[in-house]
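A.B. asks: Sharing model.pdb here; it has PDB, C-alpha atoms.
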```
ATOM      1  CA  MET I   1      45.592  61.351 -15.823
ATOM      2  CA  ASN I   2      45.953  64.528 -17.842
ATOM      3  CA  THR I   3      48.133  64.814 -20.923
ATOM      4  CA  PRO I   4      51.788  64.276 -19.911
ATOM      5  CA  ILE I   5      54.123  67.243 -19.927
ATOM      6  CA  ARG I   6      55.687  67.621 -23.350
ATOM      7  CA  THR I   7      59.405  67.443 -22.737
ATOM      8  CA  ASN I   8      62.004  67.617 -25.496
ATOM      9  CA  LYS I   9      65.349  65.815 -25.463
ATOM     10  CA  ARG I  10      67.328  68.953 -24.638
ATOM     11  CA  GLU I  11      65.215  69.685 -21.568
ATOM     12  CA  LEU I  12      65.449  66.063 -20.477
ATOM     13  CA  THR I  13      69.231  66.086 -20.882
ATOM     14  CA  ILE I  14      69.600  69.252 -18.802
ATOM     15  CA  PHE I  15      67.378  67.752 -16.125
ATOM     16  CA  PHE I  16      69.390  64.525 -15.887
ATOM     17  CA  VAL I  17      72.697  66.413 -15.775
ATOM     18  CA  VAL I  18      71.567  68.607 -12.885
ATOM     19  CA  ALA I  19      69.426  66.050 -11.042
ATOM     20  CA  PHE I  20      71.729  63.010 -11.395
ATOM     21  CA  ALA I  21      75.220  63.964 -12.602
ATOM     22  CA  VAL I  22      75.645  66.819 -10.114
ATOM     23  CA  PRO I  23      74.925  64.753  -6.963
ATOM     24  CA  TYR I  24      77.203  61.979  -8.225
ATOM     25  CA  LEU I  25      79.999  64.505  -8.785
ATOM     26  CA  MET I  26      79.288  66.001  -5.373
ATOM     27  CA  GLY I  27      79.851  62.496  -4.063
ATOM     28  CA  ILE I  28      83.603  63.112  -4.428
ATOM     29  CA  PRO I  29      83.852  65.898  -1.817
ATOM     30  CA  LEU I  30      81.200  64.038   0.188
ATOM     31  CA  ALA I  31      83.454  60.962   0.324
ATOM     32  CA  ILE I  32      86.473  63.093   1.296
ATOM     33  CA  SER I  33      84.484  64.739   4.077
ATOM     34  CA  GLN I  34      83.069  61.469   5.384
ATOM     35  CA  ARG I  35      86.459  59.779   5.482
ATOM     36  CA  ALA I  36      87.894  62.795   7.297
ATOM     37  CA  GLY I  37      85.260  62.318   9.986
ATOM     38  CA  ASN I  38      83.399  65.556   9.233
ATOM     39  CA  ASP I  39      79.670  66.177   9.429
ATOM     40  CA  THR I  40      78.252  65.546   5.944
ATOM     41  CA  SER I  41      74.669  66.679   6.580
ATOM     42  CA  CYS I  42      75.047  69.668   4.255
ATOM     43  CA  PHE I  43      75.394  67.334   1.273
ATOM     44  CA  ALA I  44      72.166  65.497   2.110
ATOM     45  CA  ASN I  45      70.239  68.761   2.396
ATOM     46  CA  ALA I  46      71.712  70.241  -0.772
ATOM     47  CA  GLN I  47      70.996  67.140  -2.856
ATOM     48  CA  MET I  48      67.248  67.521  -2.339
ATOM     49  CA  PHE I  49      67.305  70.760  -4.332
ATOM     50  CA  TYR I  50      68.832  69.328  -7.509
ATOM     51  CA  PRO I  51      65.797  67.706  -9.215
ATOM     52  CA  ALA I  52      63.682  70.875  -9.227
ATOM     53  CA  ALA I  53      66.724  72.954 -10.145
ATOM     54  CA  GLY I  54      67.162  70.665 -13.164
ATOM     55  CA  VAL I  55      63.570  71.232 -14.277
ATOM     56  CA  MET I  56      63.791  74.978 -13.787
ATOM     57  CA  LEU I  57      67.118  75.370 -15.563
ATOM     58  CA  ALA I  58      65.811  73.289 -18.478
ATOM     59  CA  TYR I  59      62.710  75.445 -18.807
ATOM     60  CA  LEU I  60      64.645  78.698 -18.463
ATOM     61  CA  MET I  61      67.180  77.661 -21.115
ATOM     62  CA  ALA I  62      64.334  76.608 -23.408
ATOM     63  CA  LYS I  63      62.793  80.052 -22.893
ATOM     64  CA  ARG I  64      59.379  78.621 -22.204
ATOM     65  CA  PRO I  65      56.651  81.297 -22.154
ATOM     66  CA  ALA I  66      55.174  82.842 -19.000
ATOM     67  CA  LEU I  67      57.595  81.167 -16.600
ATOM     68  CA  PRO I  68      57.485  81.982 -12.861
ATOM     69  CA  VAL I  69      61.004  83.360 -13.289
ATOM     70  CA  ARG I  70      61.400  84.923  -9.840
ATOM     71  CA  PHE I  71      60.583  81.691  -8.017
ATOM     72  CA  TYR I  72      62.741  79.641 -10.373
ATOM     73  CA  VAL I  73      65.735  81.945  -9.952
ATOM     74  CA  LEU I  74      65.338  81.901  -6.168
ATOM     75  CA  HIS I  75      65.348  78.101  -6.104
ATOM     76  CA  ILE I  76      68.399  77.860  -8.369
ATOM     77  CA  VAL I  77      70.322  80.469  -6.329
ATOM     78  CA  THR I  78      69.409  78.633  -3.114
ATOM     79  CA  THR I  79      70.634  75.382  -4.674
ATOM     80  CA  ILE I  80      73.981  76.998  -5.502
ATOM     81  CA  LEU I  81      74.322  78.391  -1.964
ATOM     82  CA  CYS I  82      73.602  74.958  -0.467
ATOM     83  CA  MET I  83      76.196  73.412  -2.768
ATOM     84  CA  ALA I  84      78.675  76.072  -1.678
ATOM     85  CA  CYS I  85      78.041  75.293   2.010
ATOM     86  CA  SER I  86      78.628  71.601   1.263
ATOM     87  CA  VAL I  87      81.942  72.189  -0.507
ATOM     88  CA  LEU I  88      83.101  74.710   2.082
ATOM     89  CA  SER I  89      82.380  72.193   4.851
ATOM     90  CA  VAL I  90      85.166  70.099   3.277
ATOM     91  CA  ILE I  91      87.588  72.935   2.550
ATOM     92  CA  VAL I  92      87.111  74.707   5.882
ATOM     93  CA  PRO I  93      85.927  72.025   8.332
ATOM     94  CA  GLY I  94      84.941  72.905  11.858
ATOM     95  CA  GLN I  95      82.716  75.817  10.938
ATOM     96  CA  GLN I  96      78.962  75.730  11.488
ATOM     97  CA  TRP I  97      78.164  75.155   7.816
ATOM     98  CA  LEU I  98      74.965  73.220   8.529
ATOM     99  CA  VAL I  99      73.723  76.163  10.594
ATOM    100  CA  TYR I 100      74.497  78.550   7.736
ATOM    101  CA  LEU I 101      72.750  76.234   5.277
ATOM    102  CA  ASN I 102      69.664  76.055   7.480
ATOM    103  CA  LEU I 103      69.556  79.845   7.737
ATOM    104  CA  VAL I 104      69.702  80.053   3.951
ATOM    105  CA  LEU I 105      66.949  77.448   3.745
ATOM    106  CA  ILE I 106      64.648  79.307   6.141
ATOM    107  CA  ALA I 107      65.179  82.685   4.472
ATOM    108  CA  ALA I 108      64.696  81.187   1.003
ATOM    109  CA  SER I 109      61.533  79.308   2.038
ATOM    110  CA  ILE I 110      59.929  82.455   3.446
ATOM    111  CA  LEU I 111      60.846  84.449   0.342
ATOM    112  CA  ALA I 112      59.594  81.605  -1.865
ATOM    113  CA  TRP I 113      56.128  81.767  -0.291
ATOM    114  CA  ILE I 114      56.037  85.495  -0.953
ATOM    115  CA  LEU I 115      57.080  85.063  -4.582
ATOM    116  CA  LEU I 116      54.609  82.222  -5.162
ATOM    117  CA  LEU I 117      51.649  83.994  -3.585
ATOM    118  CA  THR I 118      52.309  87.254  -5.428
ATOM    119  CA  ASP I 119      52.848  85.662  -8.840
ATOM    120  CA  LYS I 120      50.079  85.364 -11.418
ATOM    121  CA  LYS I 121      47.767  82.388 -11.036
ATOM    122  CA  ASP I 122      48.094  81.416 -14.684
ATOM    123  CA  LYS I 123      51.871  81.088 -14.328
ATOM    124  CA  ARG I 124      51.535  78.913 -11.244
ATOM    125  CA  GLU I 125      48.865  76.827 -12.920
ATOM    126  CA  ALA I 126      50.843  76.384 -16.156
ATOM    127  CA  TYR I 127      53.920  75.073 -14.326
ATOM    128  CA  GLY I 128      52.362  72.946 -11.625
ATOM    129  CA  LEU I 129      52.827  75.383  -8.763
ATOM    130  CA  ARG I 130      49.226  76.128  -7.858
ATOM    131  CA  TRP I 131      47.277  74.287  -5.181
ATOM    132  CA  HIS I 132      44.309  72.561  -6.759
ATOM    133  CA  GLY I 133      41.109  71.660  -4.935
ATOM    134  CA  LYS I 134      40.298  68.408  -3.139
ATOM    135  CA  VAL I 135      41.613  69.598   0.233
ATOM    136  CA  THR I 136      39.686  66.858   2.039
ATOM    137  CA  MET I 137      41.225  64.218  -0.231
ATOM    138  CA  ALA I 138      44.716  65.650   0.331
ATOM    139  CA  LEU I 139      44.351  65.722   4.114
ATOM    140  CA  GLY I 140      42.884  62.225   4.078
ATOM    141  CA  LEU I 141      45.818  60.835   2.102
ATOM    142  CA  CYS I 142      48.309  62.545   4.418
ATOM    143  CA  ALA I 143      46.486  61.081   7.429
ATOM    144  CA  LEU I 144      46.452  57.641   5.801
ATOM    145  CA  PHE I 145      50.184  57.871   5.151
ATOM    146  CA  LEU I 146      50.848  58.795   8.775
ATOM    147  CA  VAL I 147      48.741  55.873  10.000
ATOM    148  CA  LEU I 148      50.504  53.386   7.718
ATOM    149  CA  LYS I 149      54.022  54.594   8.523
ATOM    150  CA  THR I 150      53.314  54.840  12.266
ATOM    151  CA  ALA I 151      51.919  51.306  12.260
ATOM    152  CA  MET I 152      55.093  50.167  10.509
ATOM    153  CA  VAL I 153      57.271  51.859  13.134
ATOM    154  CA  PHE I 154      55.337  50.289  16.011
ATOM    155  CA  LEU I 155      55.448  46.887  14.353
ATOM    156  CA  SER I 156      59.218  47.185  13.903
ATOM    157  CA  ALA I 157      59.620  48.034  17.580
ATOM    158  CA  PHE I 158      57.345  45.144  18.567
ATOM    159  CA  LEU I 159      59.373  42.678  16.493
ATOM    160  CA  GLN I 160      62.483  43.670  18.459
ATOM    161  CA  GLY I 161      60.653  42.498  21.559
ATOM    162  CA  GLY I 162      61.693  42.573  25.203
ATOM    163  CA  GLN I 163      63.182  45.750  26.602
ATOM    164  CA  SER I 164      63.185  47.557  23.264
ATOM    165  CA  TRP I 165      59.407  47.285  22.990
ATOM    166  CA  SER I 166      58.917  48.369  26.607
ATOM    167  CA  ASP I 167      61.228  51.339  26.150
ATOM    168  CA  TYR I 168      59.418  52.400  22.993
ATOM    169  CA  LEU I 169      56.024  52.315  24.685
ATOM    170  CA  ALA I 170      57.480  54.341  27.554
ATOM    171  CA  TYR I 171      58.801  56.907  25.063
ATOM    172  CA  TRP I 172      55.266  57.518  23.773
ATOM    173  CA  GLN I 173      54.075  58.144  27.321
ATOM    174  CA  THR I 174      56.338  61.194  27.544
ATOM    175  CA  TYR I 175      55.617  64.642  26.106
ATOM    176  CA  VAL I 176      58.540  64.462  23.627
ATOM    177  CA  PRO I 177      56.824  62.890  20.567
ATOM    178  CA  TRP I 178      53.730  65.059  20.968
ATOM    179  CA  ILE I 179      55.697  68.311  21.218
ATOM    180  CA  ASN I 180      57.812  67.292  18.232
ATOM    181  CA  ALA I 181      54.637  66.566  16.257
ATOM    182  CA  LEU I 182      53.253  70.035  16.970
ATOM    183  CA  ILE I 183      56.511  71.654  15.907
ATOM    184  CA  LEU I 184      56.215  70.033  12.483
ATOM    185  CA  ILE I 185      53.285  72.255  11.505
ATOM    186  CA  PRO I 186      55.015  75.671  11.541
ATOM    187  CA  ASN I 187      58.310  74.070  10.565
ATOM    188  CA  PHE I 188      56.894  73.037   7.162
ATOM    189  CA  PHE I 189      56.450  76.650   6.111
ATOM    190  CA  LEU I 190      60.027  77.446   7.116
ATOM    191  CA  CYS I 191      61.726  74.574   5.298
ATOM    192  CA  PHE I 192      59.489  73.310   2.486
ATOM    193  CA  LEU I 193      61.943  74.041  -0.346
ATOM    194  CA  PRO I 194      64.043  70.833  -0.176
ATOM    195  CA  PHE I 195      60.926  68.640  -0.298
ATOM    196  CA  PHE I 196      59.525  70.697  -3.137
ATOM    197  CA  GLY I 197      62.974  70.362  -4.705
ATOM    198  CA  GLU I 198      62.579  66.619  -5.010
ATOM    199  CA  GLU I 199      58.883  66.335  -5.772
ATOM    200  CA  TYR I 200      58.840  68.970  -8.524
ATOM    201  CA  GLY I 201      61.490  66.912 -10.268
ATOM    202  CA  TRP I 202      60.147  63.424  -9.574
ATOM    203  CA  ARG I 203      56.367  63.749  -9.541
ATOM    204  CA  TYR I 204      55.754  66.797 -11.753
ATOM    205  CA  PHE I 205      58.478  66.355 -14.373
ATOM    206  CA  LEU I 206      59.961  62.871 -14.625
ATOM    207  CA  THR I 207      57.044  60.585 -13.713
ATOM    208  CA  PRO I 208      54.737  61.808 -16.535
ATOM    209  CA  PHE I 209      57.574  61.395 -19.027
ATOM    210  CA  LEU I 210      58.299  57.817 -17.916
ATOM    211  CA  GLN I 211      54.629  56.886 -17.767
ATOM    212  CA  ASN I 212      54.064  58.237 -21.256
ATOM    213  CA  LYS I 213      56.995  56.166 -22.517
ATOM    214  CA  PHE I 214      56.606  52.917 -20.542
ATOM    215  CA  GLY I 215      53.016  52.917 -19.298
ATOM    216  CA  ARG I 216      51.545  54.105 -16.036
ATOM    217  CA  ARG I 217      52.534  51.193 -13.824
ATOM    218  CA  ARG I 218      55.949  50.445 -15.307
ATOM    219  CA  GLY I 219      56.701  54.152 -15.491
ATOM    220  CA  VAL I 220      56.125  54.741 -11.790
ATOM    221  CA  VAL I 221      58.170  51.641 -10.866
ATOM    222  CA  ILE I 222      61.068  52.768 -13.100
ATOM    223  CA  LEU I 223      60.872  56.187 -11.450
ATOM    224  CA  GLY I 224      61.173  54.521  -8.048
ATOM    225  CA  VAL I 225      64.302  52.626  -9.104
ATOM    226  CA  LEU I 226      65.891  55.791 -10.532
ATOM    227  CA  TRP I 227      64.945  57.709  -7.401
ATOM    228  CA  GLY I 228      66.566  55.036  -5.263
ATOM    229  CA  LEU I 229      69.771  55.047  -7.342
ATOM    230  CA  TRP I 230      69.823  58.842  -7.111
ATOM    231  CA  HIS I 231      70.555  58.367  -3.389
ATOM    232  CA  LEU I 232      73.695  56.294  -4.066
ATOM    233  CA  PRO I 233      76.280  58.923  -2.943
ATOM    234  CA  LEU I 234      74.346  59.341   0.302
ATOM    235  CA  ASN I 235      74.056  55.575   0.802
ATOM    236  CA  LEU I 236      77.814  55.239   0.373
ATOM    237  CA  PHE I 237      79.018  58.179   2.427
ATOM    238  CA  PHE I 238      76.187  59.385   4.661
ATOM    239  CA  TYR I 239      73.338  57.005   5.482
ATOM    240  CA  SER I 240      75.291  53.783   5.935
ATOM    241  CA  PRO I 241      78.980  53.747   4.950
ATOM    242  CA  GLU I 242      79.538  50.375   6.656
ATOM    243  CA  THR I 243      76.622  48.592   4.964
ATOM    244  CA  SER I 244      76.128  50.687   1.839
ATOM    245  CA  LEU I 245      74.901  47.814  -0.385
ATOM    246  CA  GLN I 246      72.145  46.932   2.053
ATOM    247  CA  SER I 247      71.367  50.633   2.414
ATOM    248  CA  LEU I 248      71.020  51.055  -1.356
ATOM    249  CA  ILE I 249      68.710  48.049  -1.688
ATOM    250  CA  ALA I 250      66.591  49.319   1.201
ATOM    251  CA  GLN I 251      66.547  52.736  -0.465
ATOM    252  CA  ILE I 252      65.251  51.334  -3.761
ATOM    253  CA  ILE I 253      62.559  49.346  -1.940
ATOM    254  CA  VAL I 254      61.384  52.472  -0.122
ATOM    255  CA  CYS I 255      61.516  54.684  -3.213
ATOM    256  CA  VAL I 256      59.598  52.232  -5.415
ATOM    257  CA  THR I 257      56.850  51.564  -2.866
ATOM    258  CA  MET I 258      56.465  55.064  -1.464
ATOM    259  CA  GLY I 259      56.868  56.496  -4.957
ATOM    260  CA  ILE I 260      53.747  54.550  -5.910
ATOM    261  CA  PHE I 261      51.804  56.093  -3.023
ATOM    262  CA  PHE I 262      53.168  59.594  -3.667
ATOM    263  CA  THR I 263      52.204  59.384  -7.345
ATOM    264  CA  PHE I 264      48.815  57.887  -6.440
ATOM    265  CA  SER I 265      48.185  60.859  -4.130
ATOM    266  CA  TYR I 266      49.436  63.345  -6.728
ATOM    267  CA  GLU I 267      46.971  62.021  -9.295
ATOM    268  CA  MET I 268      44.024  61.571  -6.905
ATOM    269  CA  CYS I 269      44.326  65.225  -5.934
ATOM    270  CA  GLY I 270      44.253  66.501  -9.519
ATOM    271  CA  GLN I 271      48.014  66.399 -10.150
ATOM    272  CA  ASN I 272      48.647  68.660  -7.168
ATOM    273  CA  VAL I 273      52.410  68.617  -6.506
ATOM    274  CA  TRP I 274      51.929  70.065  -3.026
ATOM    275  CA  VAL I 275      50.400  66.797  -1.813
ATOM    276  CA  PRO I 276      53.559  64.694  -2.400
ATOM    277  CA  VAL I 277      55.579  67.637  -1.052
ATOM    278  CA  LEU I 278      53.604  67.339   2.191
ATOM    279  CA  LEU I 279      53.948  63.554   2.196
ATOM    280  CA  HIS I 280      57.700  63.772   1.608
ATOM    281  CA  TYR I 281      58.025  66.328   4.398
ATOM    282  CA  LEU I 282      56.066  64.115   6.794
ATOM    283  CA  ASN I 283      58.084  61.035   5.880
ATOM    284  CA  ASN I 284      61.412  62.745   6.549
ATOM    285  CA  ASN I 285      60.477  64.820   9.584
ATOM    286  CA  MET I 286      58.217  62.405  11.449
ATOM    287  CA  ILE I 287      61.431  60.525  12.202
ATOM    288  CA  LEU I 288      61.891  63.060  14.988
ATOM    289  CA  VAL I 289      58.477  62.077  16.356
ATOM    290  CA  TRP I 290      58.810  58.333  15.853
ATOM    291  CA  SER I 291      62.321  58.005  17.264
ATOM    292  CA  GLY I 292      63.081  61.233  19.133
ATOM    293  CA  THR I 293      66.126  61.962  16.987
ATOM    294  CA  ALA I 294      66.738  63.464  13.563
ATOM    295  CA  ASP I 295      70.072  61.702  13.068
ATOM    296  CA  ILE I 296      69.849  59.350  10.077
ATOM    297  CA  SER I 297      73.570  59.007   9.345
ATOM    298  CA  ASN I 298      75.937  56.067   9.917
ATOM    299  CA  GLN I 299      73.206  53.458  10.229
ATOM    300  CA  VAL I 300      73.941  49.748  10.026
ATOM    301  CA  TYR I 301      71.607  47.445   8.076
ATOM    302  CA  THR I 302      71.393  43.666   8.130
ATOM    303  CA  TRP I 303      69.898  41.486   5.393
ATOM    304  CA  GLY I 304      67.178  40.621   7.867
ATOM    305  CA  ASP I 305      66.332  44.314   8.144
ATOM    306  CA  ILE I 306      66.040  44.483   4.350
ATOM    307  CA  LEU I 307      63.687  41.496   4.243
ATOM    308  CA  VAL I 308      61.411  42.892   6.947
ATOM    309  CA  SER I 309      61.420  46.299   5.285
ATOM    310  CA  ALA I 310      60.563  44.823   1.879
ATOM    311  CA  VAL I 311      57.621  42.884   3.320
ATOM    312  CA  MET I 312      56.191  45.799   5.295
ATOM    313  CA  TYR I 313      56.583  48.427   2.575
ATOM    314  CA  GLY I 314      55.317  45.997  -0.029
ATOM    315  CA  VAL I 315      52.208  45.052   1.941
ATOM    316  CA  LEU I 316      51.351  48.652   2.788
ATOM    317  CA  PHE I 317      52.080  50.506  -0.446
ATOM    318  CA  LEU I 318      52.194  48.125  -3.423
ATOM    319  CA  PRO I 319      48.385  47.646  -3.433
ATOM    320  CA  PHE I 320      48.011  51.278  -4.506
ATOM    321  CA  LEU I 321      49.504  50.258  -7.860
ATOM    322  CA  ALA I 322      46.088  48.726  -8.589
ATOM    323  CA  GLY I 323      44.430  52.106  -8.048
ATOM    324  CA  LYS I 324      42.606  54.146 -10.661
ATOM    325  CA  PRO I 325      45.528  56.526 -11.416
ATOM    326  CA  PHE I 326      47.560  53.578 -12.737
ATOM    327  CA  ALA I 327      44.870  52.017 -14.904
ATOM    328  CA  GLU I 328      46.143  51.794 -18.465
ATOM    329  CA  GLU I 329      44.020  53.473 -21.128
ATOM    330  CA  LYS I 330      42.447  51.048 -23.578
ATOM    331  CA  GLU I 331      43.241  51.596 -27.238
ATOM    332  CA  ASN I 332      40.306  52.039 -29.571
TER     333      ASN I 332
END
```
Please lay out the structure from this file as structure tokens.

C.D. replies:
Amino acid sequence: MNTPIRTNKRELTIFFVVAFAVPYLMGIPLAISQRAGNDTSCFANAQMFYPAAGVMLAYLMAKRPALPVRFYVLHIVTTILCMACSVLSVIVPGQQWLVYLNLVLIAASILAWILLLTDKKDKREAYGLRWHGKVTMALGLCALFLVLKTAMVFLSAFLQGGQSWSDYLAYWQTYVPWINALILIPNFFLCFLPFFGEEYGWRYFLTPFLQNKFGRRRGVVILGVLWGLWHLPLNLFFYSPETSLQSLIAQIIVCVTMGIFFTFSYEMCGQNVWVPVLLHYLNNNMILVWSGTADISNQVYTWGDILVSAVMYGVLFLPFLAGKPFAEEKEN
């Protein structure tokens, strides 16, 4: 692992305020909207932008040299617009605020590619925005992730047994999952910003800081716990209002285990943030392929579900903690 990013206390404070305090404060209008029976999807989409916005605002306020200012400003402005759509969905319910937010997201993503590709390479390199080599490694890790997660989905369906298993096999014999899978390829370029929004904060900024402070293995585990707790407003008022405690525990399990794999992939590909961005995108959007629906709200979890999830995620992703990127350096 390369030398961790040097982050001062002021930058770290700004990051935590934007990345953690803002979504918790936004949990207030989120709760009001959920209890009023409104669609709260805008809040989930907006929250993904906050970690990167925290990094960018911290760097801009610190007046770091040679910043990719145009891209940073675009991301921060997009974050504000997504927040505005979320709040307005509470104040003026009934409007198509999620549609407006998605239009903002598409326009911003297209403009972001233009700004990134026309900016100087040294700026992108200095702030973790440039694609490094090891394309074969990156594609291999993405393929491995898809295999592991798909196997988990099939195993979950099999464990339900009976008609559920038969219905799931029949679903894969239709054209629906295959068409949805093809759509994911162009869709990435039109909506990558939210996934970048999380990974630039978690993998590029916060993980190196925690690993430098607590060690490589403990640092990545602590990151996973923090990442899981970051979802708390969504667990309470979006993902699973009826079983929010179970939802939060499941969230922490997923974030710790998948965070290990995402960080493993980030390091194996030369600290290339675009690899975990791709992995995060696949994880969130393959739901449409695996289940045929993108609706992830108002789920109900049992303690049995949590146990099965912990075992499967643990077996599949915890072994990567023994990988080379997490080997502690020996002191001379």

A.B. asks: Evaluated on this file, the PyMOL selection byres ((chain I and resi 57) around 9) picks out some residues - which ones are they, written as a list of chain:residue names?

C.D. replies: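 Checking the PyMOL selection byres ((chain I and resi 57) around 9) against this file, the residues are I:Glu11, I:Ile14, I:Phe15, I:Val18, I:Ala52, I:Ala53, I:Gly54, I:Val55, I:Met56, I:Ala58, I:Tyr59, I:Leu60, I:Met61, I:Ala62, I:Tyr72, I:Val73, I:Ile76.
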
A.B. asks: Please write the residues picked by the PyMOL selection byres ((chain I and resi 289-295) around 9) on this file as a PDB file with C-alpha atoms, in the frame of the given file.

C.D. replies:
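The resulting file, out.pdb, is shown below:
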```pdb
ATOM      1  CA  THR I 150      53.314  54.840  12.266  1.00  0.00           C
ATOM      2  CA  VAL I 153      57.271  51.859  13.134  1.00  0.00           C
ATOM      3  CA  PHE I 154      55.337  50.289  16.011  1.00  0.00           C
ATOM      4  CA  TYR I 168      59.418  52.400  22.993  1.00  0.00           C
ATOM      5  CA  TYR I 171      58.801  56.907  25.063  1.00  0.00           C
ATOM      6  CA  TRP I 172      55.266  57.518  23.773  1.00  0.00           C
ATOM      7  CA  VAL I 176      58.540  64.462  23.627  1.00  0.00           C
ATOM      8  CA  PRO I 177      56.824  62.890  20.567  1.00  0.00           C
ATOM      9  CA  TRP I 178      53.730  65.059  20.968  1.00  0.00           C
ATOM     10  CA  ILE I 179      55.697  68.311  21.218  1.00  0.00           C
ATOM     11  CA  ASN I 180      57.812  67.292  18.232  1.00  0.00           C
ATOM     12  CA  ALA I 181      54.637  66.566  16.257  1.00  0.00           C
ATOM     13  CA  ASN I 284      61.412  62.745   6.549  1.00  0.00           C
ATOM     14  CA  ASN I 285      60.477  64.820   9.584  1.00  0.00           C
ATOM     15  CA  MET I 286      58.217  62.405  11.449  1.00  0.00           C
ATOM     16  CA  ILE I 287      61.431  60.525  12.202  1.00  0.00           C
ATOM     17  CA  LEU I 288      61.891  63.060  14.988  1.00  0.00           C
ATOM     18  CA  ILE I 296      69.849  59.350  10.077  1.00  0.00           C
ATOM     19  CA  SER I 297      73.570  59.007   9.345  1.00  0.00           C
ATOM     20  CA  ASN I 298      75.937  56.067   9.917  1.00  0.00           C
TER      21      ASN I 298
END
```

A.B. asks: Taking only C-alpha atoms into account, which of I:Leu236, I:Leu321, I:Cys85, I:Leu278 comes nearest I:Val300?

C.D. replies: I:Leu236

A.B. asks: Might you pull out every residue within 9 Å of I:Leu318, with all atoms listed in the file counted and same-chain residues fewer than 5 positions away left off, and present them as number ranges by chain?

C.D. replies: I: 256-258, 260-261, 313

A.B. asks: So how far away is atom CA of I:Ala66 from atom CA of I:Arg124, in Å?

C.D. replies: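 Atom-to-atom, atom CA of I:Arg124 to atom CA of I:Ala66, that is 9.4 Å.
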
A.B. asks: Within 12 Å of I:Val308, counting only C-alpha atoms, which residues show up once you throw out same-chain ones fewer than 4 positions away? Write them as a count of residues only, please.

C.D. replies: 18

A.B. asks: Taking N, CA and C atoms as the atom set, what does stretch 313-328 of chain I look like once completed, written as a PDB file, in the frame of the given file?

C.D. replies:
```pdb
ATOM      1  N   TYR I 313      56.856  47.399   3.584  1.00  0.00           N
ATOM      2  CA  TYR I 313      56.583  48.427   2.575  1.00  0.00           C
ATOM      3  C   TYR I 313      55.769  47.855   1.418  1.00  0.00           C
ATOM      4  N   GLY I 314      56.063  46.629   1.055  1.00  0.00           N
ATOM      5  CA  GLY I 314      55.317  45.997  -0.029  1.00  0.00           C
ATOM      6  C   GLY I 314      53.858  45.808   0.319  1.00  0.00           C
ATOM      7  N   VAL I 315      53.587  45.298   1.517  1.00  0.00           N
ATOM      8  CA  VAL I 315      52.208  45.052   1.941  1.00  0.00           C
ATOM      9  C   VAL I 315      51.426  46.354   2.047  1.00  0.00           C
ATOM     10  N   LEU I 316      52.065  47.402   2.540  1.00  0.00           N
ATOM     11  CA  LEU I 316      51.351  48.652   2.788  1.00  0.00           C
ATOM     12  C   LEU I 316      51.154  49.512   1.551  1.00  0.00           C
ATOM     13  N   PHE I 317      52.136  49.522   0.635  1.00  0.00           N
ATOM     14  CA  PHE I 317      52.080  50.506  -0.446  1.00  0.00           C
ATOM     15  C   PHE I 317      51.923  49.924  -1.851  1.00  0.00           C
ATOM     16  N   LEU I 318      52.345  48.694  -2.083  1.00  0.00           N
ATOM     17  CA  LEU I 318      52.194  48.125  -3.423  1.00  0.00           C
ATOM     18  C   LEU I 318      50.736  48.006  -3.874  1.00  0.00           C
ATOM     19  N   PRO I 319      49.778  47.731  -2.978  1.00  0.00           N
ATOM     20  CA  PRO I 319      48.385  47.646  -3.433  1.00  0.00           C
ATOM     21  C   PRO I 319      47.866  48.893  -4.142  1.00  0.00           C
ATOM     22  N   PHE I 320      48.477  50.053  -3.855  1.00  0.00           N
ATOM     23  CA  PHE I 320      48.011  51.278  -4.506  1.00  0.00           C
ATOM     24  C   PHE I 320      48.327  51.279  -6.000  1.00  0.00           C
ATOM     25  N   LEU I 321      49.193  50.368  -6.433  1.00  0.00           N
ATOM     26  CA  LEU I 321      49.504  50.258  -7.860  1.00  0.00           C
ATOM     27  C   LEU I 321      48.288  49.765  -8.644  1.00  0.00           C
ATOM     28  N   ALA I 322      47.323  49.173  -7.942  1.00  0.00           N
ATOM     29  CA  ALA I 322      46.088  48.726  -8.589  1.00  0.00           C
ATOM     30  C   ALA I 322      45.035  49.823  -8.625  1.00  0.00           C
ATOM     31  N   GLY I 323      45.385  51.003  -8.113  1.00  0.00           N
ATOM     32  CA  GLY I 323      44.430  52.106  -8.048  1.00  0.00           C
ATOM     33  C   GLY I 323      44.123  52.722  -9.403  1.00  0.00           C
ATOM     34  N   LYS I 324      43.083  53.522  -9.428  1.00  0.00           N
ATOM     35  CA  LYS I 324      42.606  54.146 -10.661  1.00  0.00           C
ATOM     36  C   LYS I 324      43.674  54.971 -11.385  1.00  0.00           C
ATOM     37  N   PRO I 325      44.535  55.725 -10.679  1.00  0.00           N
ATOM     38  CA  PRO I 325      45.528  56.526 -11.416  1.00  0.00           C
ATOM     39  C   PRO I 325      46.491  55.716 -12.272  1.00  0.00           C
ATOM     40  N   PHE I 326      46.612  54.408 -11.995  1.00  0.00           N
ATOM     41  CA  PHE I 326      47.560  53.578 -12.737  1.00  0.00           C
ATOM     42  C   PHE I 326      46.884  52.663 -13.748  1.00  0.00           C
ATOM     43  N   ALA I 327      45.581  52.830 -13.921  1.00  0.00           N
ATOM     44  CA  ALA I 327      44.870  52.017 -14.904  1.00  0.00           C
ATOM     45  C   ALA I 327      45.293  52.444 -16.299  1.00  0.00           C
ATOM     46  N   GLU I 328      45.704  51.488 -17.094  1.00  0.00           N
ATOM     47  CA  GLU I 328      46.143  51.794 -18.465  1.00  0.00           C
ATOM     48  C   GLU I 328      44.933  52.102 -19.344  1.00  0.00           C
TER      49      GLU I 328
END
```
